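Novice: Below is run.cif; it holds mmCIF, C-alpha atoms.
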data_run
loop_
_atom_site.label_atom_id
_atom_site.label_comp_id
_atom_site.auth_asym_id
_atom_site.auth_seq_id
_atom_site.Cartn_x
_atom_site.Cartn_y
_atom_site.Cartn_z
CA MET F 1222 39.63 -26.55 6.19
CA ILE F 1223 39.76 -25.36 9.77
CA ASP F 1224 37.50 -22.51 10.73
CA PRO F 1225 39.47 -19.36 11.67
CA VAL F 1226 37.37 -18.83 14.82
CA ILE F 1227 38.74 -22.15 16.12
CA LEU F 1228 42.25 -20.85 15.53
CA PHE F 1229 41.45 -17.85 17.75
CA PHE F 1230 40.50 -20.28 20.50
CA VAL F 1231 43.76 -22.17 20.00
CA LEU F 1232 45.69 -18.87 20.08
CA GLY F 1233 44.08 -17.92 23.39
CA ALA F 1234 44.75 -21.35 24.90
CA VAL F 1235 48.40 -21.40 23.78
CA ALA F 1236 48.97 -17.83 24.97
CA GLY F 1237 47.43 -18.75 28.33
CA LEU F 1238 49.47 -21.93 28.72
CA LEU F 1239 52.66 -20.01 27.93
CA ARG F 1240 51.64 -17.39 30.50
CA SER F 1241 51.59 -14.58 27.97
CA GLU F 1242 50.79 -11.05 29.12
CA LEU F 1243 47.68 -11.14 26.89
CA ARG F 1244 44.54 -10.26 28.80
CA LEU F 1245 41.24 -9.13 27.37
CA PRO F 1246 39.55 -6.46 29.47
CA ALA F 1247 36.58 -7.99 31.29
CA ALA F 1248 34.33 -5.44 29.56
CA VAL F 1249 35.34 -6.73 26.11
CA TYR F 1250 34.55 -10.32 27.04
CA GLU F 1251 31.25 -9.21 28.48
CA PHE F 1252 30.41 -7.16 25.38
CA ALA F 1253 31.25 -10.08 23.10
CA SER F 1254 29.04 -12.46 25.06
CA ILE F 1255 26.17 -9.95 25.12
CA VAL F 1256 26.31 -9.54 21.33
CA LEU F 1257 26.45 -13.31 20.82
CA LEU F 1258 23.49 -13.97 23.11
CA LEU F 1259 21.41 -11.24 21.48
CA SER F 1260 22.18 -12.26 17.92
CA ILE F 1261 21.38 -15.92 18.66
CA GLY F 1262 18.09 -14.77 20.20
CA LEU F 1263 17.28 -12.40 17.32
CA LYS F 1264 17.86 -15.12 14.70
CA GLY F 1265 15.54 -17.45 16.58
CA GLY F 1266 12.89 -14.76 16.96
CA ILE F 1267 12.79 -13.96 13.26
CA GLU F 1268 12.08 -17.59 12.45
CA LEU F 1269 9.62 -18.06 15.26
CA ALA F 1270 7.45 -15.39 13.66
CA ARG F 1271 7.17 -17.64 10.60
CA GLN F 1272 5.81 -20.76 12.24
CA PRO F 1273 3.00 -21.49 14.66
CA PHE F 1274 4.15 -21.86 18.23
CA GLY F 1275 1.94 -24.88 19.02
CA ASN F 1276 3.88 -27.17 16.66
CA LEU F 1277 6.98 -26.70 18.74
CA LEU F 1278 5.46 -27.77 22.03
CA PRO F 1279 6.41 -31.50 21.85
CA GLN F 1280 10.01 -30.58 21.05
CA MET F 1281 10.14 -28.09 23.88
CA LEU F 1282 8.88 -30.65 26.40
CA ALA F 1283 11.29 -33.29 25.08
CA VAL F 1284 14.22 -30.92 25.52
CA VAL F 1285 13.26 -30.13 29.13
CA ALA F 1286 13.14 -33.88 29.78
CA LEU F 1287 16.58 -34.21 28.15
CA GLY F 1288 18.06 -31.64 30.55
CA LEU F 1289 16.58 -33.43 33.56
CA ALA F 1290 17.71 -36.85 32.36
CA LEU F 1291 21.31 -35.88 31.59
CA SER F 1292 21.95 -34.41 35.02
CA LEU F 1293 20.24 -37.35 36.74
CA ILE F 1294 22.49 -39.76 34.82
CA ALA F 1295 25.67 -37.78 35.51
CA PHE F 1296 25.06 -37.56 39.27
CA PRO F 1297 25.46 -41.26 40.28
CA VAL F 1298 28.48 -41.60 37.99
CA LEU F 1299 30.19 -38.68 39.72
CA ARG F 1300 29.09 -39.75 43.18
CA HIS F 1301 30.09 -43.42 42.98
CA LEU F 1302 32.76 -43.69 40.29
CA GLY F 1303 34.25 -40.27 40.89
CA ARG F 1304 33.74 -40.35 44.69
CA PHE F 1305 32.84 -36.70 44.85
CA THR F 1306 30.93 -35.30 47.80
CA ARG F 1307 27.20 -35.03 47.30
CA ALA F 1308 27.34 -31.25 46.74
CA ASP F 1309 30.21 -31.47 44.26
CA ALA F 1310 28.60 -34.32 42.31
CA ALA F 1311 25.29 -32.44 42.16
CA SER F 1312 26.95 -29.24 41.01
CA ILE F 1313 29.02 -30.92 38.27
CA ALA F 1314 25.93 -32.88 37.15
CA ALA F 1315 24.01 -29.60 36.82
CA HIS F 1316 26.79 -28.12 34.66
CA TYR F 1317 26.60 -31.11 32.29
CA GLY F 1318 22.81 -31.18 32.10
CA SER F 1319 22.76 -27.54 31.09
CA VAL F 1320 24.18 -25.92 27.93
CA SER F 1321 26.99 -23.67 26.78
CA VAL F 1322 26.02 -20.81 24.50
CA GLY F 1323 29.63 -20.49 23.34
CA THR F 1324 29.63 -24.09 22.08
CA TYR F 1325 26.27 -23.52 20.41
CA ALA F 1326 27.67 -20.46 18.62
CA VAL F 1327 30.64 -22.46 17.35
CA ALA F 1328 28.29 -25.20 16.09
CA VAL F 1329 26.20 -22.57 14.27
CA ALA F 1330 29.37 -21.18 12.66
CA TYR F 1331 30.50 -24.73 11.76
CA LEU F 1332 27.22 -25.59 10.03
CA GLY F 1333 27.00 -22.12 8.48
CA SER F 1334 30.38 -22.39 6.79
CA ARG F 1335 29.34 -25.76 5.33
CA GLN F 1336 25.95 -24.41 4.25
CA ILE F 1337 24.05 -27.00 6.25
CA ALA F 1338 20.58 -25.80 7.21
CA PHE F 1339 19.10 -26.38 10.66
CA GLU F 1340 15.77 -25.63 12.31
CA ALA F 1341 15.63 -21.96 13.19
CA HIS F 1342 13.92 -22.38 16.55
CA MET F 1343 17.05 -23.92 18.08
CA PRO F 1344 17.70 -20.83 20.26
CA LEU F 1345 14.41 -21.54 22.00
CA LEU F 1346 15.53 -25.10 22.77
CA LEU F 1347 18.83 -23.65 23.97
CA VAL F 1348 17.01 -21.51 26.54
CA LEU F 1349 14.84 -24.44 27.64
CA LEU F 1350 17.80 -26.75 28.10
CA GLU F 1351 19.60 -24.24 30.26
CA VAL F 1352 17.20 -24.26 33.20
CA PRO F 1353 16.04 -27.76 34.30
CA ALA F 1354 19.52 -29.03 35.19
CA ILE F 1355 20.03 -26.16 37.64
CA LEU F 1356 16.92 -27.17 39.57
CA VAL F 1357 17.94 -30.85 39.51
CA GLY F 1358 21.39 -29.88 40.80
CA ILE F 1359 19.97 -27.97 43.73
CA VAL F 1360 17.53 -30.74 44.64
CA LEU F 1361 20.27 -33.41 44.35
CA ALA F 1362 22.54 -31.42 46.64
CA ARG F 1363 19.93 -30.35 49.13
CA GLY F 1364 16.95 -32.61 48.86
CA LEU F 1365 13.66 -30.76 48.79
CA SER F 1366 14.61 -28.90 51.94
CA ARG F 1367 12.64 -25.95 53.22
CA GLU F 1368 15.83 -24.00 53.69
CA THR F 1369 16.28 -23.51 49.96
CA ARG F 1370 15.00 -20.06 49.13
CA TRP F 1371 13.31 -20.92 45.85
CA GLY F 1372 12.37 -17.30 45.28
CA SER F 1373 15.97 -16.20 45.08
CA VAL F 1374 16.94 -19.32 43.13
CA ALA F 1375 14.27 -18.52 40.55
CA HIS F 1376 15.48 -14.93 40.39
CA GLU F 1377 19.06 -16.11 39.83
CA VAL F 1378 18.03 -18.62 37.17
CA PHE F 1379 15.42 -16.76 35.15
CA LEU F 1380 16.79 -13.26 35.44
CA GLY F 1381 20.42 -14.20 34.82
CA LYS F 1382 22.17 -12.46 31.94
CA GLY F 1383 21.93 -15.43 29.56
CA ILE F 1384 18.20 -16.05 29.76
CA VAL F 1385 17.25 -12.36 29.72
CA LEU F 1386 19.34 -11.62 26.62
CA LEU F 1387 18.37 -14.77 24.73
CA LEU F 1388 14.66 -14.44 25.41
CA GLY F 1389 14.86 -10.67 24.93
CA GLY F 1390 16.52 -11.23 21.55
CA VAL F 1391 13.89 -13.82 20.58
CA PHE F 1392 11.13 -11.38 21.50
CA ILE F 1393 12.68 -8.42 19.63
CA GLY F 1394 13.34 -10.60 16.58
CA TRP F 1395 9.80 -11.93 16.67
CA ALA F 1396 8.24 -8.47 17.12
CA ALA F 1397 10.38 -6.64 14.55
CA GLY F 1398 10.64 -9.36 11.89
CA PRO F 1399 13.38 -9.57 9.26
CA ASP F 1400 12.60 -6.19 7.67
CA GLY F 1401 12.56 -4.35 10.95
CA LEU F 1402 15.91 -5.84 11.92
CA ALA F 1403 17.61 -4.84 8.65
CA SER F 1404 19.02 -1.70 10.24
CA ILE F 1405 20.84 -3.54 13.04
CA GLU F 1406 21.94 -6.50 10.94
CA PRO F 1407 25.50 -5.23 10.44
CA LEU F 1408 26.30 -5.51 14.14
CA PHE F 1409 24.39 -8.61 15.11
CA PHE F 1410 24.55 -10.80 12.00
CA ASP F 1411 27.37 -9.59 9.75
CA LEU F 1412 29.86 -9.26 12.59
CA PHE F 1413 28.77 -12.50 14.30
CA LYS F 1414 31.90 -14.46 13.41
CA GLY F 1415 34.26 -11.62 14.23
CA ILE F 1416 32.72 -11.20 17.67
CA LEU F 1417 32.74 -14.97 18.11
CA ALA F 1418 36.48 -14.95 17.31
CA LEU F 1419 37.15 -12.40 20.08
CA PHE F 1420 34.96 -14.35 22.48
CA LEU F 1421 36.83 -17.57 21.71
CA LEU F 1422 40.18 -15.85 22.18
CA GLU F 1423 39.16 -15.03 25.74
CA MET F 1424 37.68 -18.52 26.21
CA GLY F 1425 41.06 -19.94 25.22
CA LEU F 1426 42.73 -17.85 27.91
CA ILE F 1427 40.17 -18.93 30.53
CA THR F 1428 40.48 -22.58 29.48
CA ALA F 1429 44.26 -22.47 29.89
CA LYS F 1430 43.82 -21.27 33.47
CA GLN F 1431 42.01 -24.49 34.35
CA ALA F 1432 45.11 -26.56 33.59
CA GLY F 1433 46.43 -26.17 37.14
CA SER F 1434 43.27 -27.41 38.86
CA LEU F 1435 43.01 -30.31 36.40
CA ARG F 1436 46.47 -31.48 37.37
CA ARG F 1437 45.38 -31.44 41.01
CA HIS F 1438 42.04 -33.18 40.57
CA GLY F 1439 43.23 -35.93 38.40
CA PRO F 1440 42.29 -38.30 35.64
CA PHE F 1441 38.68 -39.00 36.57
CA LEU F 1442 37.64 -35.43 35.82
CA VAL F 1443 39.40 -35.58 32.45
CA ALA F 1444 37.73 -38.88 31.56
CA PHE F 1445 34.35 -37.57 32.67
CA GLY F 1446 34.87 -34.31 30.77
CA ILE F 1447 35.24 -36.27 27.51
CA GLY F 1448 33.06 -39.33 28.19
CA MET F 1449 29.99 -37.44 29.40
CA PRO F 1450 29.65 -35.18 26.32
CA LEU F 1451 30.09 -38.17 24.00
CA PHE F 1452 27.34 -40.05 25.84
CA SER F 1453 25.09 -36.96 25.95
CA ALA F 1454 25.64 -36.40 22.24
CA LEU F 1455 24.41 -39.95 21.52
CA VAL F 1456 21.26 -39.24 23.52
CA GLY F 1457 20.88 -35.86 21.80
CA THR F 1458 21.33 -37.41 18.35
CA TRP F 1459 18.73 -40.06 19.11
CA LEU F 1460 16.28 -37.44 20.40
CA GLY F 1461 16.88 -35.14 17.41
CA TRP F 1462 16.23 -38.03 15.05
CA ALA F 1463 13.16 -39.16 17.01
CA LEU F 1464 11.73 -35.63 16.93
CA GLY F 1465 12.19 -35.55 13.17
CA LEU F 1466 14.80 -32.79 13.10
CA SER F 1467 16.94 -32.27 9.99
CA ILE F 1468 20.59 -33.39 9.88
CA GLY F 1469 21.72 -29.89 10.89
CA GLY F 1470 19.12 -29.66 13.65
CA THR F 1471 20.08 -33.07 15.03
CA ALA F 1472 23.74 -32.06 15.05
CA ILE F 1473 22.86 -28.88 16.96
CA LEU F 1474 20.73 -30.77 19.49
CA ALA F 1475 23.54 -33.29 20.00
CA THR F 1476 25.96 -30.38 20.53
CA LEU F 1477 23.58 -28.75 23.01
CA ALA F 1478 23.27 -32.02 24.94
CA ALA F 1479 27.04 -32.49 24.92
CA SER F 1480 27.92 -28.99 26.03
CA ALA F 1481 28.41 -28.05 29.67
CA SER F 1482 27.39 -24.71 31.12
CA TYR F 1483 29.96 -22.29 32.43
CA ILE F 1484 27.92 -19.09 32.89
CA ALA F 1485 24.41 -19.65 34.21
CA VAL F 1486 25.03 -22.81 36.25
CA PRO F 1487 28.20 -21.71 38.09
CA ALA F 1488 26.50 -18.49 39.16
CA ALA F 1489 23.37 -20.28 40.36
CA MET F 1490 25.31 -23.06 42.11
CA ARG F 1491 27.58 -20.59 43.86
CA ILE F 1492 24.56 -19.01 45.52
CA SER F 1493 22.37 -22.07 46.01
CA VAL F 1494 24.92 -24.80 46.79
CA PRO F 1495 27.84 -22.82 48.26
CA GLU F 1496 29.57 -25.89 49.72
CA ALA F 1497 30.22 -27.25 46.21
CA ASN F 1498 33.74 -26.45 45.05
CA PRO F 1499 33.43 -24.31 41.90
CA THR F 1500 36.97 -25.18 40.83
CA LEU F 1501 35.99 -28.80 40.12
CA SER F 1502 33.02 -28.10 37.88
CA LEU F 1503 34.75 -25.27 36.00
CA ALA F 1504 37.90 -27.33 35.48
CA ALA F 1505 35.80 -30.08 33.88
CA ALA F 1506 33.38 -27.86 31.95
CA LEU F 1507 35.92 -25.30 30.75
CA GLY F 1508 39.24 -27.11 30.97
CA ILE F 1509 38.11 -30.28 29.19
CA THR F 1510 34.61 -30.30 27.76
CA PHE F 1511 34.55 -26.88 26.09
CA PRO F 1512 37.83 -27.35 24.17
CA PHE F 1513 36.91 -30.96 23.38
CA ASN F 1514 33.56 -29.94 21.92
CA VAL F 1515 34.95 -26.98 20.00
CA LEU F 1516 37.93 -28.79 18.52
CA LEU F 1517 36.70 -32.36 18.03
CA GLY F 1518 33.16 -32.78 19.34
CA ILE F 1519 31.17 -30.71 16.85
CA PRO F 1520 32.54 -32.52 13.75
CA ILE F 1521 31.89 -35.84 15.54
CA TYR F 1522 28.30 -34.87 16.41
CA HIS F 1523 27.72 -33.75 12.83
CA ALA F 1524 28.99 -37.11 11.58
CA LEU F 1525 26.77 -38.90 14.14
CA SER F 1526 23.75 -37.01 12.89
CA VAL F 1527 24.51 -37.81 9.25
CA TRP F 1528 24.98 -41.46 10.22
CA ALA F 1529 21.74 -41.59 12.22
CA HIS F 1530 19.75 -40.15 9.34
CA THR F 1531 21.31 -42.44 6.73
CA PHE F 1532 20.92 -45.47 8.98
CA ALA F 1533 17.27 -44.67 9.70
CA ARG F 1534 16.53 -44.38 6.01
CA GLY F 1535 18.01 -47.83 5.60
CA MET Q 1361 36.40 21.49 63.03
CA HIS Q 1362 34.89 18.67 65.09
CA SER Q 1363 35.93 15.21 64.09
CA HIS Q 1364 34.43 11.93 65.21
CA THR Q 1365 35.65 8.37 65.21
CA ARG Q 1366 33.82 5.70 63.25
CA THR Q 1367 34.69 2.21 62.01
CA LEU Q 1368 35.57 1.40 58.41
CA LEU Q 1369 34.65 -2.20 57.65
CA THR Q 1370 36.22 -3.53 54.43
CA ILE Q 1371 35.06 -6.81 52.89
CA VAL Q 1372 36.81 -8.44 49.93
CA THR Q 1373 34.84 -11.32 48.44
CA GLU Q 1374 33.44 -13.02 45.34
CA ALA Q 1375 31.35 -10.88 43.01
CA ALA Q 1376 28.75 -13.67 42.97
CA LEU Q 1377 27.86 -12.70 46.53
CA GLU Q 1378 27.13 -9.05 45.80
CA GLY Q 1379 23.34 -9.35 45.75
CA THR Q 1380 22.96 -11.32 48.96
CA LEU Q 1381 25.68 -9.31 50.71
CA VAL Q 1382 23.95 -6.03 49.99
CA ARG Q 1383 20.71 -7.40 51.42
CA ASP Q 1384 22.59 -8.48 54.55
CA LEU Q 1385 24.11 -5.02 54.97
CA ASP Q 1386 20.72 -3.34 54.73
CA ARG Q 1387 19.24 -5.80 57.20
CA LEU Q 1388 22.08 -5.17 59.64
CA HIS Q 1389 21.54 -1.40 59.59
CA ALA Q 1390 24.47 -0.19 57.53
CA HIS Q 1391 23.57 3.31 56.37
CA GLY Q 1392 25.53 2.97 53.16
CA TYR Q 1393 28.30 1.13 51.38
CA THR Q 1394 30.72 1.51 48.48
CA ILE Q 1395 31.48 -1.36 46.12
CA THR Q 1396 34.47 -1.52 43.78
CA ASP Q 1397 35.66 -4.28 41.46
CA ALA Q 1398 38.81 -5.91 42.72
CA ARG Q 1399 41.32 -8.60 41.87
CA GLY Q 1400 44.08 -10.31 43.75
CA LYS Q 1401 45.28 -13.52 45.29
CA GLY Q 1402 44.46 -15.34 48.51
CA ASN Q 1403 44.32 -18.85 49.88
CA ARG Q 1404 41.57 -19.71 47.41
CA GLY Q 1405 43.86 -18.88 44.51
CA VAL Q 1406 44.21 -16.02 42.05
CA ARG Q 1407 41.00 -14.14 41.41
CA ASP Q 1408 41.87 -12.02 38.41
CA ALA Q 1409 38.42 -10.78 37.37
CA GLY Q 1410 38.95 -12.03 33.80
CA TRP Q 1411 35.32 -13.18 33.69
CA GLU Q 1412 32.32 -13.71 35.94
CA ALA Q 1413 33.48 -16.69 37.97
CA SER Q 1414 36.78 -15.10 38.99
CA ALA Q 1415 35.44 -11.61 39.67
CA ASN Q 1416 35.97 -10.06 43.08
CA ILE Q 1417 34.47 -7.07 44.84
CA ARG Q 1418 35.59 -4.85 47.68
CA VAL Q 1419 32.80 -3.51 49.86
CA GLU Q 1420 33.46 -0.64 52.25
CA VAL Q 1421 31.05 0.30 55.01
CA VAL Q 1422 31.48 3.22 57.42
CA CYS Q 1423 29.43 2.75 60.58
CA ASP Q 1424 29.65 2.77 64.37
CA ALA Q 1425 31.63 0.09 66.14
CA GLU Q 1426 28.63 -2.00 67.25
CA THR Q 1427 27.14 -2.18 63.78
CA ALA Q 1428 30.53 -3.15 62.36
CA GLU Q 1429 30.87 -5.94 64.94
CA ALA Q 1430 27.39 -7.21 64.19
CA ILE Q 1431 28.00 -7.23 60.43
CA ALA Q 1432 31.37 -8.93 60.84
CA ALA Q 1433 29.93 -11.64 63.09
CA SER Q 1434 27.03 -12.31 60.75
CA LEU Q 1435 29.18 -12.50 57.62
CA GLN Q 1436 31.73 -14.72 59.30
CA GLU Q 1437 29.03 -17.16 60.33
CA GLN Q 1438 27.27 -17.21 56.96
CA TYR Q 1439 30.08 -17.08 54.43
CA TYR Q 1440 33.52 -17.90 55.76
CA ASP Q 1441 33.22 -21.67 55.28
CA ASP Q 1442 32.21 -21.69 51.65
CA TYR Q 1443 33.29 -18.44 50.05
CA ALA Q 1444 36.49 -16.59 49.39
CA MET Q 1445 36.08 -13.71 51.84
CA ILE Q 1446 38.19 -11.56 54.10
CA LEU Q 1447 37.12 -8.62 56.19
CA PHE Q 1448 38.97 -6.15 58.34
CA MET Q 1449 38.17 -3.05 60.39
CA SER Q 1450 39.95 0.18 61.08
CA ASP Q 1451 39.17 3.34 62.98
CA ILE Q 1452 38.67 6.37 60.82
CA THR Q 1453 37.80 10.00 61.35
CA VAL Q 1454 34.63 11.47 59.87
CA LEU Q 1455 33.24 15.01 59.86
CA ARG Q 1456 29.52 14.30 59.81
CA PRO Q 1457 28.77 11.57 62.37
CA GLN Q 1458 25.01 11.68 61.77
CA LYS Q 1459 25.58 10.22 58.28
CA PHE Q 1460 27.07 7.01 59.61
#
Re-express the file's structure as structure tokens.
Specialist:
Amino acid sequence: MIDPVILFFVLGAVAGLLRSELRLPAAVYEFASIVLLLSIGLKGGIELARQPFGNLLPQMLAVVALGLALSLIAFPVLRHLGRFTRADAASIAAHYGSVSVGTYAVAVAYLGSRQIAFEAHMPLLLVLLEVPAILVGIVLARGLSRETRWGSVAHEVFLGKGIVLLLGGVFIGWAAGPDGLASIEPLFFDLFKGILALFLLEMGLITAKQAGSLRRHGPFLVAFGIGMPLFSALVGTWLGWALGLSIGGTAILATLAASASYIAVPAAMRISVPEANPTLSLAAALGITFPFNVLLGIPIYHALSVWAHTFARG
Amino acid sequence: MHSHTRTLLTIVTEAALEGTLVRDLDRLHAHGYTITDARGKGNRGVRDAGWEASANIRVEVVCDAETAEAIAASLQEQYYDDYAMILFMSDITVLRPQKF
């Protein structure tokens, strides 16, 4: 059974490829992404209130290391096999070390419709995985040069829309608890999949627009856009298993590792590494990796996680 | 009615630059500016404002000719190589010269 939200994504992509007149107002897309970010944060916050924070520390550190490692692995591949300039390779590597909230939301919907439980503090790991790759990307492009204005980089990274809404949601969820949130549940939890469907419709349209630049920049980007998430998902699955996450949690961590950012990282890279061509990283992250993860990747990562857990048990 | 000539400097560029651009304008002594969302097409492709990465802005500054020249020179040096940006100037007539 295919999830209807996926069909919305396909509809958007097909409409875009056929050059339909369809166009969501920018405000609708923005509203949809704000609701998604907040509801993911709120869900995480509610659960965070139920367990002591200290227990999560090892997982949080491991996830930061994961973000650093993935972008450091992607960089030489792009630089030497892909023959990108240093700035372009660094920028694309940062996109792949970071995460996509849209992909996370689809994975949550996928597991939800199959009634597979996962650790509720995943939104916190999502936030943590978003940041380190950006810093690695800037350092890879620039070296530790004095010219980099770290103050404005930090402002861009930590006060970007994604982090503020996710952490804000976590805080509100944690402070208000499940009972306090009952009154706003209809918008943020009951409508989650409907809003996700609208969001994916627009994502389909945006994805279709990358087709032109993919044709220009050739097969390496396509191969990287599929190969890198598969590799990252293996690392994510291993880490999830090593950290003792459940099957659902491991699948989510694998999905997070596999996903490539298209909101926080492009904005930060545009300001901090302006000589990197944003078309390349967006064509790979949005034109290839996002549709791959949404359509095929998530079921694969779920299967990987099931396999890892069965295998480990012997 | 006394009218006075001033320069209207119009900049069309990526929305991602808004924050830094505004700081530049303040530093270069622009007394004010107006920003509107924009979309269009140039030699860096179609920028249709469908979402963040393809959003464009149009910044208008009314100032005296020297300030306009200084802003134009500074922006050209800092941003022309790496960003989608155009700017142009025109003479306009204003009624209250002390404002600009």
Novice: So that I can check the surroundings of segment 1352-1355 of chain F, please list as a list in words every protein, DNA and RNA residue that reaches within 6 Å of it, counting only C-alpha atoms and ignoring chain neighbours fewer than 3 positions away.
Specialist: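 Here the answer would be Gly1288, Leu1289, Ser1292, Ala1315, Gly1318, Ser1319 and Gly1358 of chain F.
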Novice: Filtering to C-alpha atoms, could you give me those residues as an mmCIF file, in the coordinates of the input?
Specialist:
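Output saved as result_3.cif:
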data_model
loop_
_atom_site.group_PDB
_atom_site.id
_atom_site.type_symbol
_atom_site.label_atom_id
_atom_site.label_comp_id
_atom_site.auth_asym_id
_atom_site.auth_seq_id
_atom_site.Cartn_x
_atom_site.Cartn_y
_atom_site.Cartn_z
ATOM 1 C CA GLY F 1288 18.060 -31.640 30.550
ATOM 2 C CA LEU F 1289 16.580 -33.430 33.560
ATOM 3 C CA SER F 1292 21.950 -34.410 35.020
ATOM 4 C CA ALA F 1315 24.010 -29.600 36.820
ATOM 5 C CA GLY F 1318 22.810 -31.180 32.100
ATOM 6 C CA SER F 1319 22.760 -27.540 31.090
ATOM 7 C CA GLY F 1358 21.390 -29.880 40.800
#
Novice: Could you write out as a list in words the residues that the PyMOL selection byres ((chain F and resi 1394-1402) around 8) matches in the shown file?
Specialist: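 This file, filtered by the PyMOL selection byres ((chain F and resi 1394-1402) around 8), leaves Gly1262, Leu1263, Lys1264, Gly1265, Gly1266, Ile1267, Glu1268, Leu1269, Ala1270, Gly1390, Val1391, Phe1392, Ile1393, Ala1403, Ser1404, Ile1405 and Glu1406 of chain F.
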Novice: Take atom CA of Leu1287 of chain F and atom CA of Ile1519 of chain F and report the distance between them in Å, one decimal.
Specialist: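 Pair atom CA of Leu1287 of chain F / atom CA of Ile1519 of chain F returns 18.8 Å.
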Novice: I need the output of the PyMOL selection byres ((chain Q and resi 1378-1384) around 12) for this file as JSON, numbers by chain; which residues are they?
Specialist: {"F": [1370, 1373, 1374, 1376, 1377, 1488, 1491, 1492, 1493], "Q": [1371, 1372, 1373, 1374, 1375, 1376, 1377, 1385, 1386, 1387, 1388, 1389, 1390, 1391, 1392, 1393, 1394, 1395, 1396, 1397, 1415, 1416, 1417, 1418, 1419, 1420, 1421, 1430, 1431, 1432, 1433, 1434, 1435, 1436, 1438, 1439, 1443, 1445]}
Novice: If you keep C-alpha atoms, can you produce a file of those selected residues as a tab-separated table (two decimals), keeping the file's coordinate frame?
Specialist:
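Result file again.tsv:
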chain	number	residue	atom	x	y	z
F	1370	ARG	CA	15.00	-20.06	49.13
F	1373	SER	CA	15.97	-16.20	45.08
F	1374	VAL	CA	16.94	-19.32	43.13
F	1376	HIS	CA	15.48	-14.93	40.39
F	1377	GLU	CA	19.06	-16.11	39.83
F	1488	ALA	CA	26.50	-18.49	39.16
F	1491	ARG	CA	27.58	-20.59	43.86
F	1492	ILE	CA	24.56	-19.01	45.52
F	1493	SER	CA	22.37	-22.07	46.01
Q	1371	ILE	CA	35.06	-6.81	52.89
Q	1372	VAL	CA	36.81	-8.44	49.93
Q	1373	THR	CA	34.84	-11.32	48.44
Q	1374	GLU	CA	33.44	-13.02	45.34
Q	1375	ALA	CA	31.35	-10.88	43.01
Q	1376	ALA	CA	28.75	-13.67	42.97
Q	1377	LEU	CA	27.86	-12.70	46.53
Q	1385	LEU	CA	24.11	-5.02	54.97
Q	1386	ASP	CA	20.72	-3.34	54.73
Q	1387	ARG	CA	19.24	-5.80	57.20
Q	1388	LEU	CA	22.08	-5.17	59.64
Q	1389	HIS	CA	21.54	-1.40	59.59
Q	1390	ALA	CA	24.47	-0.19	57.53
Q	1391	HIS	CA	23.57	3.31	56.37
Q	1392	GLY	CA	25.53	2.97	53.16
Q	1393	TYR	CA	28.30	1.13	51.38
Q	1394	THR	CA	30.72	1.51	48.48
Q	1395	ILE	CA	31.48	-1.36	46.12
Q	1396	THR	CA	34.47	-1.52	43.78
Q	1397	ASP	CA	35.66	-4.28	41.46
Q	1415	ALA	CA	35.44	-11.61	39.67
Q	1416	ASN	CA	35.97	-10.06	43.08
Q	1417	ILE	CA	34.47	-7.07	44.84
Q	1418	ARG	CA	35.59	-4.85	47.68
Q	1419	VAL	CA	32.80	-3.51	49.86
Q	1420	GLU	CA	33.46	-0.64	52.25
Q	1421	VAL	CA	31.05	0.30	55.01
Q	1430	ALA	CA	27.39	-7.21	64.19
Q	1431	ILE	CA	28.00	-7.23	60.43
Q	1432	ALA	CA	31.37	-8.93	60.84
Q	1433	ALA	CA	29.93	-11.64	63.09
Q	1434	SER	CA	27.03	-12.31	60.75
Q	1435	LEU	CA	29.18	-12.50	57.62
Q	1436	GLN	CA	31.73	-14.72	59.30
Q	1438	GLN	CA	27.27	-17.21	56.96
Q	1439	TYR	CA	30.08	-17.08	54.43
Q	1443	TYR	CA	33.29	-18.44	50.05
Q	1445	MET	CA	36.08	-13.71	51.84
Novice: Might you spell out which residues the PyMOL selection byres ((chain F) within 8 of (chain Q)) would select in the displayed file, as JSON, numbers by chain?
Specialist: {"F": [1244, 1245, 1246, 1247, 1250, 1251, 1427, 1484, 1487, 1488, 1491, 1492, 1495, 1496]}
Novice: Counting all atoms listed in the file, which residue out of Q:Ala1428, Q:Cys1423, Q:Leu1369, Q:Ala1398 sits closest to Phe1448 of chain Q?
Specialist: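 Under the stated criterion, the closest residue is Q:Leu1369.
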Novice: Between atom CA of Thr1500 of chain F and atom CA of Ile1447 of chain F, what distance in Å does the model show, to one decimal?
Specialist: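 Between atom CA of Thr1500 of chain F and atom CA of Ile1447 of chain F the gap is 17.4 Å.
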Novice: Pick out the closest residue to Leu1346 of chain F from this set: F:Pro1440, F:Gly1389, F:Gly1470, F:Gly1508. Count all atoms listed in the file.
Specialist: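 Closest candidate: F:Gly1470.
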Novice: Measure the distance from atom CA of Ala1418 of chain F to atom CA of Pro1344 of chain F in Å and round it to one decimal.
Specialist: 19.9 Å
Novice: Using only C-alpha atoms, can you tell me which of F:Leu1232, F:Leu1419, F:Val1329, F:Leu1442 comes closest to Ala1472 of chain F?
Specialist: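 Ranking F:Leu1232, F:Leu1419, F:Val1329, F:Leu1442 by distance to Ala1472 of chain F, first place goes to F:Val1329.
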Novice: Which of these residues is nearest to Val1298 of chain F, using all atoms listed in the file: F:Gly1465, F:Pro1499, F:Gly1448, F:Gly1364?
Specialist: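 Result for the nearest residue to Val1298 of chain F: F:Gly1448.
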Novice: Just checking: using only C-alpha atoms, which residue out of F:Tyr1483, F:Phe1511, F:Phe1274, F:Phe1229 ends up closest to Lys1414 of chain F?
Specialist: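 Distance minimum relative to Lys1414 of chain F lands on F:Phe1229.
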